$ cat run24.cif   # mmCIF, C-alpha atoms and all ligand atoms
data_work
#
loop_
_atom_site.label_atom_id
_atom_site.label_comp_id
_atom_site.auth_asym_id
_atom_site.auth_seq_id
_atom_site.Cartn_x
_atom_site.Cartn_y
_atom_site.Cartn_z
CA MET A 1011 -1.64 25.87 32.95
CA ASP A 1012 -3.31 24.95 36.26
CA THR A 1013 -5.71 27.89 35.95
CA LEU A 1014 -7.07 26.85 32.57
CA PRO A 1015 -10.78 26.04 32.30
CA SER A 1016 -11.81 22.39 32.03
CA LEU A 1017 -12.00 20.94 28.52
CA SER A 1018 -15.81 20.57 28.81
CA GLN A 1019 -15.95 24.27 29.67
CA VAL A 1020 -13.76 25.13 26.65
CA ILE A 1021 -16.08 23.10 24.39
CA LYS A 1022 -19.15 24.83 25.87
CA ASP A 1023 -17.72 28.37 25.80
CA HIS A 1024 -16.67 28.12 22.16
CA GLY A 1025 -19.61 26.11 20.84
CA LEU A 1026 -17.31 23.29 19.68
CA LEU A 1027 -19.28 20.24 18.48
CA GLY A 1028 -22.27 22.60 18.06
CA ASP A 1029 -22.44 22.10 14.32
CA LYS A 1030 -22.92 18.33 14.13
CA LYS A 1031 -22.35 18.08 10.38
CA LEU A 1032 -19.10 20.05 10.54
CA SER A 1033 -17.75 18.19 13.55
CA LYS A 1034 -18.56 14.84 11.94
CA ARG A 1035 -16.84 15.93 8.72
CA LEU A 1036 -13.76 16.96 10.72
CA GLY A 1037 -13.72 13.72 12.73
CA GLN A 1038 -14.13 15.59 16.01
CA ASN A 1039 -14.10 12.93 18.71
CA PHE A 1040 -12.39 14.60 21.63
CA LEU A 1041 -10.47 13.11 24.53
CA LEU A 1042 -11.39 14.88 27.75
CA ASP A 1043 -9.80 12.57 30.32
CA PRO A 1044 -6.24 13.79 31.12
CA SER A 1045 -5.16 10.31 32.22
CA ILE A 1046 -5.79 9.12 28.63
CA THR A 1047 -4.03 12.04 26.91
CA ASP A 1048 -1.12 11.73 29.38
CA ARG A 1049 -0.88 8.06 28.41
CA ILE A 1050 -0.62 8.94 24.71
CA ALA A 1051 2.03 11.60 25.45
CA LYS A 1052 3.96 9.04 27.51
CA ALA A 1053 3.72 6.45 24.73
CA ALA A 1054 5.70 8.83 22.51
CA GLY A 1055 8.71 8.54 24.82
CA VAL A 1056 10.87 11.40 26.02
CA LEU A 1057 9.62 14.75 24.74
CA THR A 1058 12.24 17.01 26.28
CA GLY A 1059 14.61 18.06 23.52
CA PHE A 1060 11.99 17.40 20.84
CA HIS A 1061 9.69 19.54 18.79
CA VAL A 1062 6.25 17.97 18.51
CA ILE A 1063 3.75 18.36 15.74
CA GLU A 1064 0.20 17.66 16.80
CA ILE A 1065 -2.51 17.34 14.17
CA GLY A 1066 -5.98 18.43 15.23
CA PRO A 1067 -5.60 19.74 18.79
CA GLY A 1068 -9.39 20.32 19.06
CA PRO A 1069 -10.07 21.75 22.52
CA GLY A 1070 -6.46 20.98 23.51
CA GLY A 1071 -6.53 17.97 25.84
CA LEU A 1072 -3.61 16.17 24.22
CA THR A 1073 -1.84 19.51 23.66
CA ARG A 1074 -1.93 20.14 27.42
CA SER A 1075 -0.46 16.68 28.05
CA LEU A 1076 2.32 17.22 25.49
CA LEU A 1077 3.32 20.53 27.07
CA LYS A 1078 3.10 19.01 30.55
CA ALA A 1079 5.29 16.09 29.45
CA GLY A 1080 8.08 18.54 28.60
CA ALA A 1081 8.02 18.95 24.81
CA ASP A 1082 10.37 21.79 23.88
CA HIS A 1083 7.76 23.16 21.53
CA VAL A 1084 4.37 21.99 20.19
CA TYR A 1085 3.17 23.00 16.73
CA ALA A 1086 -0.57 22.30 16.66
CA VAL A 1087 -2.16 22.18 13.21
CA GLU A 1088 -5.94 22.61 13.34
CA ARG A 1089 -8.39 23.12 10.51
CA ASP A 1090 -11.38 24.33 12.56
CA ARG A 1091 -11.01 28.02 13.33
CA ASN A 1092 -13.34 27.71 16.35
CA CYS A 1093 -10.90 25.24 17.90
CA VAL A 1094 -8.02 27.61 17.18
CA ALA A 1095 -9.91 30.41 18.96
CA ALA A 1096 -10.65 28.07 21.88
CA LEU A 1097 -6.93 27.37 22.24
CA GLN A 1098 -5.93 31.01 22.85
CA PRO A 1099 -5.81 30.70 26.67
CA LEU A 1100 -3.56 27.63 26.33
CA LEU A 1101 -1.37 29.57 23.91
CA GLU A 1102 -0.96 32.30 26.51
CA ALA A 1103 -0.29 29.82 29.31
CA SER A 1104 2.30 27.95 27.27
CA GLN A 1105 5.02 30.58 27.74
CA GLY A 1106 6.05 30.53 24.10
CA ARG A 1107 6.13 26.73 23.79
CA LEU A 1108 3.02 26.45 21.60
CA THR A 1109 2.43 27.56 18.01
CA LEU A 1110 -1.06 27.30 16.56
CA VAL A 1111 -1.26 26.74 12.82
CA GLN A 1112 -4.70 27.09 11.29
CA ALA A 1113 -4.44 24.88 8.22
CA ASP A 1114 -5.46 21.67 6.53
CA ALA A 1115 -2.86 19.18 7.75
CA LEU A 1116 -3.01 17.41 4.38
CA LYS A 1117 -1.34 20.48 2.89
CA VAL A 1118 1.30 20.93 5.59
CA VAL A 1119 4.77 19.40 5.27
CA PRO A 1120 5.88 18.78 8.89
CA GLN A 1121 9.55 19.53 8.19
CA THR A 1122 8.65 23.06 7.04
CA LEU A 1123 7.16 23.94 10.44
CA THR A 1124 10.15 23.24 12.58
CA PRO A 1125 13.70 21.95 12.54
CA SER A 1126 14.27 18.38 13.71
CA PRO A 1127 14.40 16.45 16.02
CA LEU A 1128 10.74 16.03 15.48
CA LYS A 1129 7.93 13.81 16.76
CA ILE A 1130 4.40 13.70 15.37
CA ILE A 1131 1.82 12.88 18.02
CA ALA A 1132 -1.90 13.00 17.34
CA ASN A 1133 -5.37 11.70 17.89
CA LEU A 1134 -6.02 11.81 14.16
CA PRO A 1135 -9.27 12.77 12.47
CA TYR A 1136 -10.35 9.35 11.17
CA ASN A 1137 -11.48 10.47 7.74
CA VAL A 1138 -7.99 11.69 6.74
CA GLY A 1139 -5.80 9.61 9.08
CA THR A 1140 -4.56 7.07 6.53
CA GLN A 1141 -3.89 9.74 3.90
CA LEU A 1142 -1.90 11.81 6.42
CA LEU A 1143 0.22 8.79 7.31
CA LEU A 1144 0.86 8.01 3.63
CA ASN A 1145 1.97 11.62 3.08
CA TRP A 1146 4.38 11.49 6.02
CA LEU A 1147 5.83 8.14 4.89
CA LYS A 1148 6.86 9.82 1.63
CA ASN A 1149 9.24 12.08 3.55
CA LEU A 1150 10.44 10.78 6.90
CA ALA A 1151 13.56 12.99 7.00
CA GLY A 1152 14.08 14.39 10.49
CA LEU A 1153 11.10 12.48 11.96
CA HIS A 1154 12.13 10.63 15.10
CA SER A 1155 8.77 8.91 15.61
CA LEU A 1156 5.04 9.06 14.99
CA THR A 1157 2.61 8.21 17.77
CA LEU A 1158 -0.85 8.18 16.27
CA MET A 1159 -4.40 7.24 17.17
CA PHE A 1160 -6.34 5.58 14.38
CA GLN A 1161 -9.56 3.65 14.20
CA ARG A 1162 -8.58 0.13 15.24
CA GLU A 1163 -9.22 -1.35 11.82
CA VAL A 1164 -6.52 0.92 10.32
CA ALA A 1165 -4.11 0.22 13.20
CA LEU A 1166 -4.53 -3.53 12.62
CA ARG A 1167 -3.68 -3.06 8.93
CA ILE A 1168 -0.54 -1.07 9.79
CA VAL A 1169 0.94 -3.77 12.05
CA ALA A 1170 -0.52 -6.89 10.37
CA PRO A 1171 1.85 -9.85 9.86
CA PRO A 1172 1.88 -11.90 6.63
CA GLY A 1173 -0.87 -14.49 6.48
CA SER A 1174 -3.46 -12.35 8.25
CA GLY A 1175 -6.54 -10.86 6.66
CA ASP A 1176 -5.42 -7.33 7.57
CA TYR A 1177 -2.05 -7.69 5.80
CA GLY A 1178 -1.83 -5.57 2.70
CA ARG A 1179 -0.28 -2.55 1.00
CA LEU A 1180 -0.44 -0.33 4.09
CA SER A 1181 1.23 -3.01 6.28
CA ILE A 1182 4.05 -3.55 3.80
CA LEU A 1183 4.79 0.13 3.21
CA CYS A 1184 4.68 1.00 6.93
CA GLN A 1185 6.77 -2.00 7.98
CA TYR A 1186 9.29 -1.49 5.20
CA LEU A 1187 9.90 2.09 6.31
CA CYS A 1188 9.27 1.87 10.08
CA GLU A 1189 9.21 -0.35 13.13
CA ALA A 1190 5.48 -0.36 13.79
CA GLU A 1191 3.79 -1.32 17.05
CA ARG A 1192 0.16 -1.18 18.21
CA LEU A 1193 0.36 0.03 21.79
CA PHE A 1194 -3.16 0.10 23.26
CA ASP A 1195 -6.83 0.36 22.37
CA LEU A 1196 -9.46 2.82 23.51
CA SER A 1197 -13.19 2.10 23.64
CA PRO A 1198 -15.64 4.48 21.95
CA GLN A 1199 -16.72 5.69 25.42
CA SER A 1200 -13.31 7.30 25.94
CA PHE A 1201 -14.29 10.01 23.41
CA THR A 1202 -16.78 12.87 23.28
CA PRO A 1203 -18.88 12.20 21.25
CA PRO A 1204 -18.17 8.44 21.09
CA PRO A 1205 -17.28 7.18 17.59
CA LYS A 1206 -18.84 3.95 16.30
CA VAL A 1207 -15.61 1.96 16.47
CA PHE A 1208 -12.68 1.17 18.79
CA SER A 1209 -9.45 3.15 18.39
CA SER A 1210 -5.79 2.17 18.75
CA VAL A 1211 -2.57 4.04 19.36
CA VAL A 1212 0.22 3.03 16.99
CA HIS A 1213 3.88 3.93 17.41
CA LEU A 1214 6.03 4.15 14.27
CA HIS A 1215 9.77 4.54 14.42
CA PRO A 1216 11.42 5.18 11.03
CA LYS A 1217 14.13 2.66 10.14
CA VAL A 1218 17.53 3.78 8.98
CA LEU A 1219 17.53 2.66 5.34
CA SER A 1220 20.27 2.80 2.73
CA ASP A 1221 19.73 5.04 -0.31
CA GLU A 1222 19.26 1.90 -2.36
CA ALA A 1223 16.53 0.62 0.00
CA LYS A 1224 14.80 4.02 -0.13
CA SER A 1225 14.96 4.08 -3.92
CA LEU A 1226 12.90 0.85 -4.02
CA VAL A 1227 9.82 2.45 -2.42
CA PRO A 1228 8.08 3.48 -5.67
CA TYR A 1229 8.64 -0.04 -7.05
CA LEU A 1230 7.40 -1.58 -3.82
CA GLU A 1231 4.26 0.52 -4.18
CA LYS A 1232 3.71 -0.70 -7.75
CA VAL A 1233 4.33 -4.34 -6.87
CA THR A 1234 2.01 -4.28 -3.84
CA MET A 1235 -0.62 -2.44 -5.85
CA GLY A 1236 -0.44 -5.18 -8.47
CA ALA A 1237 -0.50 -7.99 -5.90
CA PHE A 1238 -3.22 -6.68 -3.58
CA GLY A 1239 -5.32 -5.03 -6.29
CA GLN A 1240 -6.48 -8.57 -6.91
CA ARG A 1241 -6.16 -10.04 -3.48
CA ARG A 1242 -7.84 -13.35 -4.24
CA LYS A 1243 -5.73 -14.08 -7.29
CA MET A 1244 -2.59 -16.17 -7.23
CA ILE A 1245 0.61 -14.16 -7.36
CA ARG A 1246 1.53 -15.59 -10.76
CA LYS A 1247 -1.66 -14.07 -12.19
CA SER A 1248 -1.73 -10.73 -10.38
CA LEU A 1249 1.93 -9.80 -11.06
CA LYS A 1250 1.97 -11.02 -14.67
CA PRO A 1251 1.12 -7.58 -16.11
CA LEU A 1252 4.16 -6.07 -14.35
CA PHE A 1253 6.79 -8.72 -15.04
CA GLY A 1254 5.53 -10.74 -17.98
CA GLU A 1255 4.88 -14.49 -17.57
CA GLU A 1256 8.38 -15.83 -18.16
CA LYS A 1257 10.27 -13.28 -16.09
CA LEU A 1258 7.79 -13.67 -13.24
CA GLU A 1259 8.22 -17.43 -13.15
CA GLU A 1260 11.98 -16.95 -13.03
CA VAL A 1261 11.82 -14.32 -10.26
CA LEU A 1262 9.37 -16.32 -8.11
CA ALA A 1263 11.64 -19.37 -8.38
CA LEU A 1264 14.66 -17.26 -7.36
CA ILE A 1265 12.92 -15.98 -4.22
CA ASN A 1266 11.33 -19.36 -3.41
CA VAL A 1267 7.71 -18.33 -3.75
CA PRO A 1268 5.34 -20.91 -5.27
CA PRO A 1269 3.56 -19.29 -8.25
CA GLN A 1270 0.16 -20.26 -6.88
CA GLU A 1271 0.76 -18.41 -3.57
CA ARG A 1272 -1.74 -15.69 -2.53
CA PRO A 1273 -0.41 -12.15 -2.01
CA GLU A 1274 -1.12 -12.14 1.76
CA ASN A 1275 1.28 -15.05 2.30
CA LEU A 1276 4.38 -13.28 0.94
CA THR A 1277 6.67 -11.71 3.54
CA LEU A 1278 8.00 -8.17 3.62
CA ASP A 1279 11.32 -9.52 2.35
CA HIS A 1280 9.60 -11.24 -0.58
CA TYR A 1281 8.04 -7.92 -1.55
CA ARG A 1282 11.38 -6.16 -1.15
CA GLN A 1283 12.98 -8.66 -3.51
CA LEU A 1284 10.12 -8.39 -5.99
CA ALA A 1285 10.49 -4.58 -5.91
CA LYS A 1286 14.20 -4.94 -6.56
CA PHE A 1287 13.69 -7.22 -9.57
CA TYR A 1288 10.95 -4.95 -10.85
CA SER A 1289 13.24 -1.89 -10.55
CA GLN A 1290 15.80 -3.68 -12.71
CA LEU A 1291 13.17 -4.33 -15.37
CA SER A 1292 11.80 -0.79 -15.41
N1 LIG B 1 -6.59 16.22 19.75
C1 LIG B 1 -7.97 16.40 20.16
C2 LIG B 1 -8.32 15.37 21.21
O1 LIG B 1 -7.60 14.35 21.27
O2 LIG B 1 -9.29 15.57 21.93
C3 LIG B 1 -8.94 16.32 18.99
C4 LIG B 1 -8.83 15.08 18.13
S1 LIG B 1 -10.14 14.92 16.96
C5 LIG B 1 -10.15 13.16 16.72
C6 LIG B 1 -9.45 15.44 15.41
C7 LIG B 1 -9.16 16.94 15.28
O3 LIG B 1 -8.59 17.17 13.99
C8 LIG B 1 -10.36 17.87 15.37
O4 LIG B 1 -10.07 18.92 16.22
C9 LIG B 1 -10.57 18.37 13.92
O5 LIG B 1 -11.13 19.67 13.87
C10 LIG B 1 -9.16 18.34 13.40
N2 LIG B 1 -9.06 18.16 11.94
C11 LIG B 1 -9.87 17.46 11.12
N3 LIG B 1 -9.41 17.46 9.87
C12 LIG B 1 -8.27 18.18 9.88
C13 LIG B 1 -7.32 18.55 8.89
N4 LIG B 1 -7.46 18.16 7.63
N5 LIG B 1 -6.27 19.31 9.26
C14 LIG B 1 -6.10 19.71 10.56
N6 LIG B 1 -6.96 19.39 11.54
C15 LIG B 1 -8.04 18.62 11.21
#
$ encode --input "run24.cif" --output "structure tokens" --more "lines below"
Ligand code: SAM
Amino acid sequence: MDTLPSLSQVIKDHGLLGDKKLSKRLGQNFLLDPSITDRIAKAAGVLTGFHVIEIGPGPGGLTRSLLKAGADHVYAVERDRNCVAALQPLLEASQGRLTLVQADALKVVPQTLTPSPLKIIANLPYNVGTQLLLNWLKNLAGLHSLTLMFQREVALRIVAPPGSGDYGRLSILCQYLCEAERLFDLSPQSFTPPPKVFSSVVHLHPKVLSDEAKSLVPYLEKVTMGAFGQRRKMIRKSLKPLFGEEKLEEVLALINVPPQERPENLTLDHYRQLAKFYSQLS
């Protein structure tokens, strides 16, 4: 690995970032400073004994850090075939610890690539980052943790507490299923080319949930969709179509939520209880 060319050289040799439209569409903002990629790898905890799935290795900066940090095996899923070609020398240097998968990560189910224990670690392409996370949340089986770089605005939504402007459907779903923590921010200047916004690394650790708790997820999604679809409305108005006026009044009284409350002021547990009542109605 020590004899590999620098990442700037890899980018130059393979004409990465050469097609500005393509690289913008693929969210190609690369990290070239090894101290930053090492920090992300470290944030994911111990990698020895784990298989890692990395989405979008690009020129391979984070991939190098993941291998260096001792991951048993890294499965790197990259859509851009030029990046896959640029990663060949790293593949050879990895001594069988790297698998390159040329594919659209939106169509890849992590658990089909490798047996657990599994960690997903990635500097995500911003345009599909939230959708990727939502896909993974649907099936967390075998996933030990997810350490992911998002644009800061998305990271703030993931970890937002009740009462804050960022609190919404994404916060509730993530926090219901995982312990979620925003670890650190990176300025646009940390990337090549620099994006317009700050980025944040988020660590998600799936919670151990009972089958009953897991079965509430579709109802939780419906309830939060109803509540936050009309964010400015009082909860008694926005959830009326789901519960009906009388039942809703009864349920809100049971869980001690004033009917005129706004959706951002209800806690995760309130939403869990609403999902439970809604599941009994459905
Ligand atoms: N990991 C590299 C780094 O940190 O320097 C690159 C990160 S860059 C933000 C995102 C990467 O994801 C790019 O290499 C891009 O080509 C790739 N990508 C974009 N959309 C993708 C998709 N749907 N599936 C797989 N890879 C994708």
$ atom_distance --input "run24.cif" --atom1 "atom CA of A:Met1244" --atom2 "atom CA of A:Glu1256"
15.5 Å
$ residues_near_ligand --input "run24.cif" --ligand "ligand LIG 1 (chain B)" --cutoff "8 Å" --atoms "all atoms listed in the file" --output "PyMOL selection string"
chain A and resi 1033+1035-1042+1047+1064-1073+1087-1090+1093+1112-1116+1132-1138+1201
$ residues_near_point --input "run24.cif" --point "(14.0, -6.5, -3.2)" --cutoff "10 Å" --atoms "all atoms listed in the file" --output "list in words"
Glu1222, Ala1223, Leu1226, Val1227, Tyr1229, Leu1230, Ile1265, Leu1278, Asp1279, His1280, Tyr1281, Arg1282, Gln1283, Leu1284, Ala1285, Lys1286, Phe1287, Tyr1288 and Ser1289 of chain A
$ axis_aligned_box --input "run24.cif" --around "stretch 1184-1202 of chain A" --padding-each-side "8 Å" --output "lines of an AutoDock Vina configuration file"
center_x = -3.4
center_y = 5.4
center_z = 15.6
size_x = 42.7
size_y = 30.9
size_z = 36.7
$ residues_around --input "run24.cif" --residues "A:Asp1082" --least-positions-apart "3" --cutoff "10 Å" --atoms "all atoms listed in the file" --output "list of chain:residue names"
A:Leu1057, A:Thr1058, A:Gly1059, A:Phe1060, A:His1061, A:Val1062, A:Leu1076, A:Leu1077, A:Ala1079, A:Gly1106, A:Arg1107, A:Leu1108
$ atom_distance --input "run24.cif" --atom1 "atom CA of A:Ser1220" --atom2 "atom CA of A:Ser1155"
18.3 Å
$ atom_distance --input "run24.cif" --atom1 "atom CA of A:Val1084" --atom2 "atom CA of A:Ser1181"
28.8 Å
